[in-house]
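Engineer: Below you'll find data_22.txt; it's compact mmCIF, C-alpha atoms (C1' of nucleotides).
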# COMPACT_ATOMS: atom_id res chain seq x y z
CA MET A 158 -4.10 13.43 28.41
CA SER A 159 -2.04 10.87 30.25
CA LEU A 160 0.71 8.75 28.76
CA SER A 161 -1.39 5.63 28.31
CA GLU A 162 -4.38 7.62 27.14
CA ARG A 163 -2.30 9.12 24.38
CA ARG A 164 -1.09 5.68 23.37
CA GLU A 165 -4.64 4.38 23.14
CA HIS A 166 -5.76 7.45 21.23
CA LEU A 167 -2.96 6.84 18.75
CA ILE A 168 -3.95 3.21 18.31
CA ASP A 169 -7.61 4.13 17.89
CA THR A 170 -6.74 6.63 15.19
CA ALA A 171 -4.55 4.06 13.47
CA ILE A 172 -7.36 1.51 13.55
CA ARG A 173 -9.75 3.93 11.90
CA LEU A 174 -7.35 4.98 9.16
CA PHE A 175 -5.95 1.52 8.43
CA ALA A 176 -9.46 0.14 8.22
CA GLU A 177 -10.59 2.77 5.74
CA HIS A 178 -7.54 3.27 3.54
CA GLY A 179 -5.41 0.20 4.07
CA TYR A 180 -1.99 -0.24 5.59
CA HIS A 181 0.52 0.75 2.94
CA ALA A 182 -1.63 3.62 1.77
CA THR A 183 -1.85 5.13 5.25
CA GLY A 184 1.31 7.02 6.07
CA ILE A 185 2.67 7.75 9.52
CA ASP A 186 2.22 11.47 9.01
CA THR A 187 -1.45 11.04 8.18
CA ILE A 188 -2.03 9.15 11.41
CA LEU A 189 -0.11 11.71 13.46
CA LYS A 190 -1.97 14.62 11.93
CA SER A 191 -5.31 12.93 12.47
CA ALA A 192 -4.47 12.00 16.04
CA GLY A 193 -2.98 15.41 16.79
CA VAL A 194 0.17 13.85 18.13
CA SER A 195 3.81 14.43 17.33
CA LYS A 196 6.17 12.01 15.70
CA LYS A 197 8.34 11.76 18.76
CA THR A 198 5.42 10.50 20.79
CA LEU A 199 4.64 7.80 18.30
CA TYR A 200 8.17 6.49 18.31
CA ARG A 201 8.29 6.59 22.08
CA HIS A 202 5.42 4.09 22.17
CA PHE A 203 6.17 2.07 19.04
CA ARG A 204 9.43 1.10 17.47
CA SER A 205 8.12 1.12 13.92
CA LYS A 206 5.04 1.45 11.78
CA ASP A 207 4.71 -2.32 11.73
CA GLU A 208 4.50 -2.33 15.53
CA LEU A 209 1.77 0.25 15.38
CA ILE A 210 -0.08 -1.90 12.86
CA LEU A 211 0.31 -4.85 15.17
CA ALA A 212 -0.95 -2.90 18.15
CA ALA A 213 -3.90 -1.68 16.12
CA LEU A 214 -4.80 -5.18 14.98
CA ARG A 215 -4.42 -6.59 18.49
CA LYS A 216 -6.60 -3.93 20.06
CA TYR A 217 -9.22 -4.18 17.34
CA ASP A 218 -9.20 -7.94 17.73
CA GLY A 219 -10.19 -7.58 21.37
CA LEU A 220 -12.68 -4.80 20.84
CA PHE A 221 -14.40 -6.43 17.90
CA ARG A 222 -14.76 -9.91 19.27
CA ASN A 223 -15.95 -8.60 22.60
CA SER A 224 -18.56 -6.38 21.01
CA PHE A 225 -19.60 -9.03 18.52
CA MET A 226 -20.11 -11.76 21.09
CA ARG A 227 -21.87 -9.44 23.50
CA GLN A 228 -24.34 -8.44 20.80
CA VAL A 229 -24.95 -12.06 19.87
CA GLU A 230 -25.64 -12.93 23.47
CA GLU A 231 -27.96 -9.98 23.89
CA GLN A 232 -29.97 -10.91 20.83
CA ALA A 233 -30.55 -14.56 21.62
CA ALA A 234 -30.57 -16.73 24.68
CA THR A 235 -30.02 -20.31 23.50
CA PRO A 236 -26.90 -21.48 21.68
CA ARG A 237 -29.00 -22.50 18.70
CA ASP A 238 -30.63 -19.09 18.38
CA ARG A 239 -27.27 -17.46 18.82
CA LEU A 240 -25.89 -19.30 15.82
CA LEU A 241 -28.45 -17.47 13.75
CA ALA A 242 -28.06 -14.23 15.66
CA VAL A 243 -24.45 -14.16 14.50
CA PHE A 244 -25.74 -13.15 11.10
CA ASP A 245 -28.06 -10.50 12.49
CA VAL A 246 -25.14 -8.93 14.28
CA ALA A 247 -23.14 -9.15 11.08
CA GLU A 248 -25.95 -7.41 9.23
CA ALA A 249 -25.88 -4.54 11.71
CA TRP A 250 -22.11 -4.40 11.35
CA PHE A 251 -22.29 -4.16 7.56
CA GLY A 252 -24.74 -1.30 7.89
CA GLN A 253 -22.31 0.91 9.74
CA SER A 254 -20.86 3.73 7.70
CA SER A 255 -17.45 2.85 9.12
CA PHE A 256 -17.61 -0.62 7.60
CA TYR A 257 -14.77 -1.23 5.16
CA GLY A 258 -14.68 -4.99 5.31
CA CYS A 259 -12.68 -7.02 7.76
CA MET A 260 -9.45 -5.34 8.89
CA PHE A 261 -7.77 -8.71 9.12
CA ILE A 262 -8.74 -9.93 5.68
CA ASN A 263 -7.56 -6.62 4.28
CA ALA A 264 -4.28 -6.93 6.17
CA ILE A 265 -3.70 -10.44 4.86
CA GLY A 266 -4.19 -9.11 1.36
CA GLU A 267 -1.39 -6.60 1.85
CA TYR A 268 1.03 -8.82 3.75
CA SER A 269 1.47 -12.10 1.97
CA ASP A 270 4.66 -13.26 3.66
CA ASP A 271 3.94 -16.15 5.93
CA ASP A 272 4.93 -16.22 9.56
CA THR A 273 5.05 -12.46 9.92
CA PRO A 274 3.52 -11.19 13.17
CA ILE A 275 0.85 -9.30 11.25
CA ARG A 276 -0.38 -12.42 9.51
CA GLN A 277 -0.18 -14.30 12.77
CA VAL A 278 -2.55 -11.88 14.49
CA CYS A 279 -4.97 -12.15 11.59
CA LYS A 280 -4.94 -15.92 11.67
CA GLU A 281 -5.48 -15.83 15.40
CA PHE A 282 -8.49 -13.58 15.03
CA LYS A 283 -10.06 -15.84 12.47
CA ALA A 284 -9.33 -18.89 14.59
CA LEU A 285 -10.97 -17.29 17.61
CA MET A 286 -14.07 -16.37 15.65
CA ARG A 287 -14.31 -19.90 14.34
CA SER A 288 -13.83 -21.26 17.81
CA TYR A 289 -16.65 -19.06 19.09
CA ILE A 290 -19.00 -20.47 16.49
CA ARG A 291 -17.78 -23.96 17.25
CA ASP A 292 -18.51 -23.49 20.96
CA LEU A 293 -22.04 -22.40 20.13
CA CYS A 294 -22.51 -25.52 18.00
CA ILE A 295 -21.24 -27.74 20.79
CA GLN A 296 -23.40 -26.02 23.37
CA ALA A 297 -26.35 -26.50 21.06
CA GLU A 298 -25.53 -30.20 21.10
CA ILE A 299 -25.58 -30.42 17.37
CA PRO A 300 -24.26 -33.70 15.97
CA ASP A 301 -21.02 -33.10 14.12
CA GLY A 302 -21.08 -29.54 15.35
CA ALA A 303 -17.45 -29.02 14.40
CA LEU A 304 -18.28 -29.42 10.73
CA LEU A 305 -21.33 -27.20 10.95
CA ALA A 306 -19.21 -24.56 12.66
CA GLU A 307 -16.76 -24.50 9.77
CA GLU A 308 -19.59 -24.24 7.29
CA LEU A 309 -21.13 -21.32 9.15
CA ALA A 310 -17.74 -19.65 9.45
CA LEU A 311 -17.36 -19.86 5.68
CA LEU A 312 -20.77 -18.26 5.24
CA LEU A 313 -19.81 -15.45 7.59
CA GLU A 314 -16.54 -14.79 5.79
CA GLY A 315 -18.31 -14.84 2.48
CA ALA A 316 -20.90 -12.40 3.74
CA ILE A 317 -18.21 -10.02 4.98
CA VAL A 318 -16.36 -9.76 1.69
CA THR A 319 -19.55 -9.74 -0.35
CA ALA A 320 -20.90 -6.91 1.79
CA GLN A 321 -17.65 -5.06 1.21
CA VAL A 322 -18.02 -5.28 -2.55
CA SER A 323 -21.76 -5.03 -2.90
CA GLN A 324 -24.05 -2.04 -2.92
CA ASP A 325 -26.73 -3.60 -0.77
CA ARG A 326 -24.39 -4.64 1.99
CA GLN A 327 -26.91 -6.03 4.40
CA ARG A 328 -28.34 -8.38 1.82
CA ALA A 329 -25.26 -10.59 2.06
CA ALA A 330 -25.91 -11.10 5.76
CA ARG A 331 -29.54 -11.99 5.19
CA ILE A 332 -28.69 -14.55 2.51
CA ALA A 333 -26.03 -16.02 4.75
CA LYS A 334 -28.55 -16.30 7.56
CA ILE A 335 -30.98 -18.20 5.38
CA ALA A 336 -28.24 -20.60 4.30
CA ALA A 337 -27.10 -20.95 7.90
CA GLY A 338 -30.61 -21.86 8.98
CA ALA A 339 -30.75 -24.57 6.37
CA LEU A 340 -27.36 -25.98 7.34
CA ILE A 341 -28.26 -25.99 11.03
CA GLU A 342 -31.54 -27.71 10.36
CA ARG A 343 -29.85 -30.38 8.32
CA ALA A 344 -27.02 -30.96 10.79
CA ASP A 345 -29.68 -31.36 13.42
CA SER A 346 -31.70 -33.95 11.57
CA VAL A 347 -28.95 -36.15 10.21
CA LEU A 348 -28.69 -37.87 13.53
CA PRO A 349 -31.06 -37.11 16.38
CA ALA A 350 -29.23 -35.76 19.39
CA THR A 351 -28.49 -38.61 21.75
CA THR A 352 -28.85 -36.57 24.93
CA MET B 210 9.07 -8.87 -29.10
CA SER B 211 6.36 -6.89 -30.83
CA LEU B 212 4.60 -3.86 -29.49
CA SER B 213 1.49 -5.67 -28.34
CA GLU B 214 3.49 -8.59 -27.02
CA ARG B 215 5.44 -6.23 -24.83
CA ARG B 216 2.24 -4.73 -23.55
CA GLU B 217 0.85 -8.12 -22.63
CA HIS B 218 4.09 -9.15 -21.01
CA LEU B 219 3.98 -6.01 -18.89
CA ILE B 220 0.41 -6.71 -17.83
CA ASP B 221 1.22 -10.33 -17.02
CA THR B 222 4.12 -9.27 -14.84
CA ALA B 223 1.92 -6.70 -13.12
CA ILE B 224 -0.74 -9.33 -12.44
CA ARG B 225 1.79 -11.61 -10.81
CA LEU B 226 3.32 -8.93 -8.61
CA PHE B 227 0.08 -7.23 -7.64
CA ALA B 228 -1.42 -10.58 -6.72
CA GLU B 229 1.49 -11.52 -4.50
CA HIS B 230 2.44 -8.25 -2.87
CA GLY B 231 -0.57 -6.01 -3.25
CA TYR B 232 -1.08 -2.81 -5.19
CA HIS B 233 0.39 -0.03 -3.10
CA ALA B 234 3.30 -2.20 -2.02
CA THR B 235 4.28 -2.97 -5.61
CA GLY B 236 6.16 -0.06 -7.13
CA ILE B 237 6.45 0.75 -10.79
CA ASP B 238 10.19 0.14 -10.73
CA THR B 239 9.70 -3.36 -9.34
CA ILE B 240 7.36 -4.24 -12.16
CA LEU B 241 9.68 -2.80 -14.78
CA LYS B 242 12.70 -4.60 -13.43
CA SER B 243 10.80 -7.88 -13.23
CA ALA B 244 9.41 -7.47 -16.74
CA GLY B 245 12.75 -6.33 -18.15
CA VAL B 246 11.15 -3.29 -19.70
CA SER B 247 12.00 0.38 -19.49
CA LYS B 248 9.93 3.09 -17.92
CA LYS B 249 9.37 4.81 -21.20
CA THR B 250 7.70 1.73 -22.60
CA LEU B 251 5.35 1.48 -19.68
CA TYR B 252 4.19 5.05 -20.04
CA ARG B 253 3.76 4.63 -23.75
CA HIS B 254 1.17 1.96 -23.09
CA PHE B 255 -0.38 3.25 -19.86
CA ARG B 256 -0.95 6.76 -18.67
CA SER B 257 -0.49 5.95 -15.01
CA LYS B 258 0.02 3.18 -12.50
CA ASP B 259 -3.72 3.11 -11.89
CA GLU B 260 -4.29 2.38 -15.57
CA LEU B 261 -1.82 -0.48 -15.38
CA ILE B 262 -3.68 -1.81 -12.36
CA LEU B 263 -6.92 -1.55 -14.28
CA ALA B 264 -5.47 -3.33 -17.29
CA ALA B 265 -4.10 -6.05 -15.03
CA LEU B 266 -7.45 -6.55 -13.31
CA ARG B 267 -9.32 -6.56 -16.61
CA LYS B 268 -7.02 -9.10 -18.20
CA TYR B 269 -7.00 -11.30 -15.12
CA ASP B 270 -10.77 -11.10 -14.99
CA GLY B 271 -11.00 -12.58 -18.44
CA LEU B 272 -8.28 -15.17 -17.95
CA PHE B 273 -9.54 -16.35 -14.61
CA ARG B 274 -13.20 -16.67 -15.42
CA ASN B 275 -12.43 -18.39 -18.68
CA SER B 276 -10.13 -20.89 -17.05
CA PHE B 277 -12.44 -21.40 -14.11
CA MET B 278 -15.53 -22.08 -16.16
CA ARG B 279 -13.67 -24.31 -18.59
CA GLN B 280 -12.40 -26.44 -15.73
CA VAL B 281 -15.87 -26.68 -14.23
CA GLU B 282 -17.28 -27.79 -17.52
CA GLU B 283 -14.54 -30.34 -17.98
CA GLN B 284 -15.09 -31.84 -14.59
CA ALA B 285 -18.84 -32.28 -14.76
CA ALA B 286 -21.44 -32.58 -17.47
CA THR B 287 -24.77 -31.65 -15.90
CA PRO B 288 -25.53 -28.24 -14.41
CA ARG B 289 -26.20 -29.84 -11.05
CA ASP B 290 -22.85 -31.63 -10.96
CA ARG B 291 -21.16 -28.47 -12.12
CA LEU B 292 -22.49 -26.57 -9.13
CA LEU B 293 -20.48 -28.94 -6.96
CA ALA B 294 -17.54 -29.04 -9.36
CA VAL B 295 -17.15 -25.31 -8.74
CA PHE B 296 -15.71 -26.18 -5.37
CA ASP B 297 -13.40 -28.83 -6.75
CA VAL B 298 -11.98 -26.31 -9.15
CA ALA B 299 -11.64 -23.88 -6.27
CA GLU B 300 -9.77 -26.52 -4.29
CA ALA B 301 -7.29 -26.96 -7.13
CA TRP B 302 -6.93 -23.19 -7.35
CA PHE B 303 -6.16 -22.87 -3.64
CA GLY B 304 -3.49 -25.52 -3.98
CA GLN B 305 -1.46 -23.52 -6.45
CA SER B 306 1.70 -21.98 -5.07
CA SER B 307 0.78 -18.76 -6.82
CA PHE B 308 -2.45 -18.49 -4.84
CA TYR B 309 -2.55 -15.31 -2.78
CA GLY B 310 -6.28 -14.98 -2.42
CA CYS B 311 -8.57 -13.21 -4.84
CA MET B 312 -6.94 -10.29 -6.64
CA PHE B 313 -10.22 -8.44 -6.65
CA ILE B 314 -10.98 -8.84 -2.98
CA ASN B 315 -7.45 -7.69 -2.22
CA ALA B 316 -7.88 -4.71 -4.50
CA ILE B 317 -11.14 -3.72 -2.83
CA GLY B 318 -9.32 -3.81 0.49
CA GLU B 319 -6.79 -1.27 -0.75
CA TYR B 320 -9.15 0.99 -2.66
CA SER B 321 -12.12 1.89 -0.52
CA ASP B 322 -13.36 4.88 -2.48
CA ASP B 323 -16.59 4.05 -4.20
CA ASP B 324 -17.13 4.54 -7.90
CA THR B 325 -13.46 4.37 -8.79
CA PRO B 326 -12.75 2.32 -11.91
CA ILE B 327 -10.73 -0.18 -9.92
CA ARG B 328 -13.61 -0.97 -7.60
CA GLN B 329 -15.92 -1.09 -10.57
CA VAL B 330 -13.90 -3.82 -12.23
CA CYS B 331 -13.84 -5.80 -8.99
CA LYS B 332 -17.59 -5.52 -8.57
CA GLU B 333 -18.07 -6.58 -12.15
CA PHE B 334 -15.92 -9.66 -11.67
CA LYS B 335 -17.86 -10.72 -8.61
CA ALA B 336 -21.15 -10.08 -10.38
CA LEU B 337 -20.09 -12.21 -13.32
CA MET B 338 -19.02 -15.08 -11.08
CA ARG B 339 -22.35 -14.90 -9.27
CA SER B 340 -24.17 -14.81 -12.55
CA TYR B 341 -22.31 -17.91 -13.71
CA ILE B 342 -23.43 -19.79 -10.62
CA ARG B 343 -26.94 -18.47 -11.06
CA ASP B 344 -27.05 -19.71 -14.64
CA LEU B 345 -25.99 -23.15 -13.47
CA CYS B 346 -28.80 -23.14 -10.91
CA ILE B 347 -31.33 -22.11 -13.49
CA GLN B 348 -30.11 -24.72 -15.96
CA ALA B 349 -30.36 -27.29 -13.19
CA GLU B 350 -33.99 -26.26 -12.83
CA ILE B 351 -33.68 -25.77 -9.15
CA PRO B 352 -36.65 -24.05 -7.53
CA ASP B 353 -35.65 -20.63 -6.25
CA GLY B 354 -32.31 -21.09 -7.95
CA ALA B 355 -31.49 -17.41 -7.60
CA LEU B 356 -31.42 -17.71 -3.83
CA LEU B 357 -29.37 -20.88 -3.92
CA ALA B 358 -26.91 -19.20 -6.27
CA GLU B 359 -26.33 -16.39 -3.81
CA GLU B 360 -25.85 -18.86 -1.00
CA LEU B 361 -23.30 -20.82 -3.00
CA ALA B 362 -21.54 -17.63 -4.01
CA LEU B 363 -21.18 -16.72 -0.34
CA LEU B 364 -19.68 -20.13 0.36
CA LEU B 365 -17.22 -19.70 -2.47
CA GLU B 366 -16.15 -16.25 -1.28
CA GLY B 367 -15.78 -17.53 2.23
CA ALA B 368 -13.68 -20.43 1.03
CA ILE B 369 -11.38 -18.10 -0.89
CA VAL B 370 -10.57 -15.83 2.03
CA THR B 371 -10.40 -18.71 4.48
CA ALA B 372 -7.97 -20.52 2.20
CA GLN B 373 -5.91 -17.36 2.05
CA VAL B 374 -5.59 -17.18 5.81
CA SER B 375 -5.47 -20.85 6.67
CA GLN B 376 -2.61 -23.32 6.60
CA ASP B 377 -4.60 -26.15 5.09
CA ARG B 378 -5.91 -24.16 2.20
CA GLN B 379 -7.76 -26.87 0.39
CA ARG B 380 -9.77 -27.78 3.45
CA ALA B 381 -11.84 -24.63 3.07
CA ALA B 382 -12.92 -25.74 -0.38
CA ARG B 383 -13.87 -29.19 0.82
CA ILE B 384 -15.98 -27.81 3.68
CA ALA B 385 -17.64 -25.40 1.29
CA LYS B 386 -18.43 -28.26 -1.06
CA ILE B 387 -20.10 -30.22 1.72
CA ALA B 388 -22.20 -27.24 2.68
CA ALA B 389 -23.01 -26.58 -0.95
CA GLY B 390 -24.22 -30.14 -1.36
CA ALA B 391 -26.53 -29.73 1.57
CA LEU B 392 -27.90 -26.44 0.33
CA ILE B 393 -28.48 -27.82 -3.16
CA GLU B 394 -30.23 -30.87 -1.80
CA ARG B 395 -32.50 -28.75 0.33
CA ALA B 396 -33.31 -26.27 -2.42
CA ASP B 397 -34.19 -29.25 -4.56
CA SER B 398 -36.58 -30.82 -2.12
CA VAL B 399 -38.44 -27.76 -0.91
CA LEU B 400 -40.56 -27.85 -3.99
CA PRO B 401 -40.33 -30.61 -6.57
CA ALA B 402 -39.38 -29.28 -9.94
CA THR B 403 -42.53 -28.74 -11.96
CA THR B 404 -40.96 -29.63 -15.29
C1' DC C 249 11.43 25.51 43.23
C1' DA C 250 14.08 22.59 40.77
C1' DA C 251 14.50 18.56 38.15
C1' DC C 252 12.87 15.79 34.79
C1' DA C 253 10.05 13.00 31.91
C1' DG C 254 7.04 13.52 28.21
C1' DG C 255 5.03 16.66 25.09
C1' DT C 256 4.94 19.69 20.45
C1' DA C 257 6.96 21.47 16.49
C1' DT C 258 9.98 21.19 12.97
C1' DA C 259 13.82 20.27 10.30
C1' DC C 260 16.30 16.70 8.49
C1' DT C 261 17.92 11.98 6.61
C1' DG C 262 18.24 8.65 2.80
C1' DA C 263 15.21 5.95 0.26
C1' DT C 264 11.53 5.36 -2.67
C1' DC C 265 7.36 6.88 -4.85
C1' DG C 266 4.99 7.97 -9.59
C1' DG C 267 6.08 10.31 -13.55
C1' DT C 268 9.02 13.08 -17.15
C1' DA C 269 12.91 14.12 -20.11
C1' DT C 270 17.24 13.11 -22.55
C1' DC C 271 20.31 10.49 -25.37
C1' DC C 272 21.28 6.86 -28.10
C1' DT C 273 20.26 2.35 -30.30
C1' DT C 274 17.27 -0.97 -32.41
C1' DT C 275 13.61 -2.32 -35.24
C1' DC C 276 10.37 -2.13 -38.86
C1' DG C 277 7.53 -0.38 -42.90
C1' DC C 278 7.86 1.67 -47.30
C1' DG D 95 18.29 1.77 -47.52
C1' DC D 96 16.18 5.25 -45.30
C1' DG D 97 13.18 7.55 -42.04
C1' DA D 98 10.20 7.25 -38.26
C1' DA D 99 8.58 5.02 -34.42
C1' DA D 100 9.69 2.35 -30.33
C1' DG D 101 12.71 0.83 -26.81
C1' DG D 102 16.69 0.82 -23.33
C1' DA D 103 19.19 3.17 -20.07
C1' DT D 104 19.51 6.71 -17.12
C1' DA D 105 19.17 11.04 -15.01
C1' DC D 106 16.05 13.81 -13.06
C1' DC D 107 11.67 15.93 -10.86
C1' DG D 108 8.88 17.03 -6.70
C1' DA D 109 6.50 14.51 -3.33
C1' DT D 110 6.25 11.34 0.15
C1' DC D 111 7.94 7.51 2.76
C1' DA D 112 9.64 5.75 7.60
C1' DG D 113 12.44 7.18 10.97
C1' DT D 114 15.88 10.44 13.64
C1' DA D 115 17.50 14.66 15.74
C1' DT D 116 17.14 19.22 17.71
C1' DA D 117 15.09 22.86 20.33
C1' DC D 118 11.78 24.41 23.13
C1' DC D 119 7.62 23.87 26.16
C1' DT D 120 4.66 21.80 30.01
C1' DG D 121 3.01 19.20 33.80
C1' DT D 122 3.95 16.57 37.69
C1' DT D 123 6.43 15.39 41.68
C1' DG D 124 10.02 15.12 45.34
Translate this file's structure into structure tokens.
Structural biologist:
Amino acid sequence: MSLSERREHLIDTAIRLFAEHGYHATGIDTILKSAGVSKKTLYRHFRSKDELILAALRKYDGLFRNSFMRQVEEQAATPRDRLLAVFDVAEAWFGQSSFYGCMFINAIGEYSDDDTPIRQVCKEFKALMRSYIRDLCIQAEIPDGALLAEELALLLEGAIVTAQVSQDRQRAARIAKIAAGALIERADSVLPATT
Amino acid sequence: MSLSERREHLIDTAIRLFAEHGYHATGIDTILKSAGVSKKTLYRHFRSKDELILAALRKYDGLFRNSFMRQVEEQAATPRDRLLAVFDVAEAWFGQSSFYGCMFINAIGEYSDDDTPIRQVCKEFKALMRSYIRDLCIQAEIPDGALLAEELALLLEGAIVTAQVSQDRQRAARIAKIAAGALIERADSVLPATT
DNA sequence: CAACAGGTATACTGATCGGTATCCTTTCGC
DNA sequence: GCGAAAGGATACCGATCAGTATACCTGTTG
């Protein structure tokens, strides 16, 4: 295993454990044991646990959004259909056995201090997801698409945390999709598109 | 201070600290110091930290739902208006300086094991909030009120976590209210009420 | 082959964790 | 007013925390 491979392996292990058990509850030693890596190696790559958390969040941010958007684009061709497909992809996500809610929401819950790098990364992730939805709304030429985008983003967030709590996880995504359909339809009919 | 008063004071302190800093990050000693109570007293009333967490969640559950519903009922008289008032009350909640997101969502993020008492209390809280919204829908005689209730519940959850992450916290509640209005209107017009 | 960077393994630090025990004082019911 | 229960303060327990240091091993590369 090369130097950078080991680093990535460490981050991947951290992502998995932080996602399942949380940040404070996951000790350095647990991560090292699970990754099969020594302490010295960890502290060669990261200056502290917080930096490892940051690296984990940053990598997961990229991986997740990339995978999420790719799936949306595979499932539907037009921007309008993709707005709905968002919730199908979410449903598939919730069905995974490795689903423990949103890593970023969970992180925010454990780190309440504002302006810390950890919170910053979480806010960035949420902003980028919102901006993705907003772009779809704009591409779909929906009147007042910015508002609709925020509404749909709320539905998605709500579905994520509801799925995390609920037994029937996928149900939350299906309900959200129904509501999303209604909101899209309404946004569309308030003012006919002028183009 | 009487015996039971001390117990309540301890729980109140725990609620405040758990809400702000999370559950694992808040040590017993911190709670004791903040409450001005000795360790012996804590362990006379609770067998473990987990039991204190449970007591805190249970008490907060009662306090919060009571306060929330009372405010909704003060703000609006008819069930239909109350469905929207839910989001006004949420907006006021988000504006409080002591708002650190939903204690129960945060708890779920730290305790992923299913069937633990802590998760159970969280699920119960969410179920009771949903059932409150459902009752309002039914009282409002909205066709397919059960579906609408779940949609509105998703919006509320989404608003809570979005407010937690965002700078402009109250904005999330206002967006959710707009979406809620649209969903209510639509649910109302799909089929005219038969009564 | 020799040098060296990066690895493992492990022991260690001081701090803190949840929880227990001790000693003494305060409070409260009878 | 007396006895018992409860509380405060504190020391202590073993475990674990994040992070450092030491000693030895390994793979690559001039």
Engineer: List the spatial neighbours of segment 106-123 of chain D as a list in words - criterion: any atom at most 9 Å away, all atoms listed in the file, same-chain residues fewer than 5 positions off excluded.
Structural biologist: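 Neighbouring residues, sequence-local ones excluded: Gly184, Ile185, Tyr200, Ser205 and Lys206 of chain A; DG254, DG255, DT256, DA257, DT258, DA259, DC260, DT261, DA263, DT264, DC265, DG267, DT268 and DA269 of chain C.
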Engineer: Taking only C-alpha atoms into account, name the residue in A:Arg163, A:Leu211, A:Ala320, A:Thr235 that is nearest to Thr273 of chain A.
Structural biologist: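 Answer, going by the shortest atom-to-atom distance: A:Leu211.
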Engineer: Have a look at A:Gly266, A:Lys190, A:Leu340, A:Ala233 and name the one nearest to Ile369 of chain B; count only C-alpha atoms.
Structural biologist: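 The shortest atom-to-atom distance to Ile369 of chain B comes from A:Gly266.
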Engineer: Nearest to chain B among A:Leu293, A:Ala242, A:Ala264, A:Ile299, with distances taken over all atoms listed in the file: which residue is it?
Structural biologist: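 Comparing A:Leu293, A:Ala242, A:Ala264, A:Ile299 against chain B, the winner is A:Ala264.
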Engineer: To one decimal place in Å, what is the distance between atom CA of Asp272 of chain A and atom CA of Ser375 of chain B?
Structural biologist: 11.7 Å
Engineer: What is the atom CA of Glu267 of chain A to atom CA of Tyr232 of chain B distance in Å?
Structural biologist: 8.0 Å
Engineer: For chain C, which residue among B:Ala228, B:Lys249, B:Thr222, B:Ala368 is the nearest when counting all atoms listed in the file?
Structural biologist: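 Distance minimum relative to chain C lands on B:Lys249.
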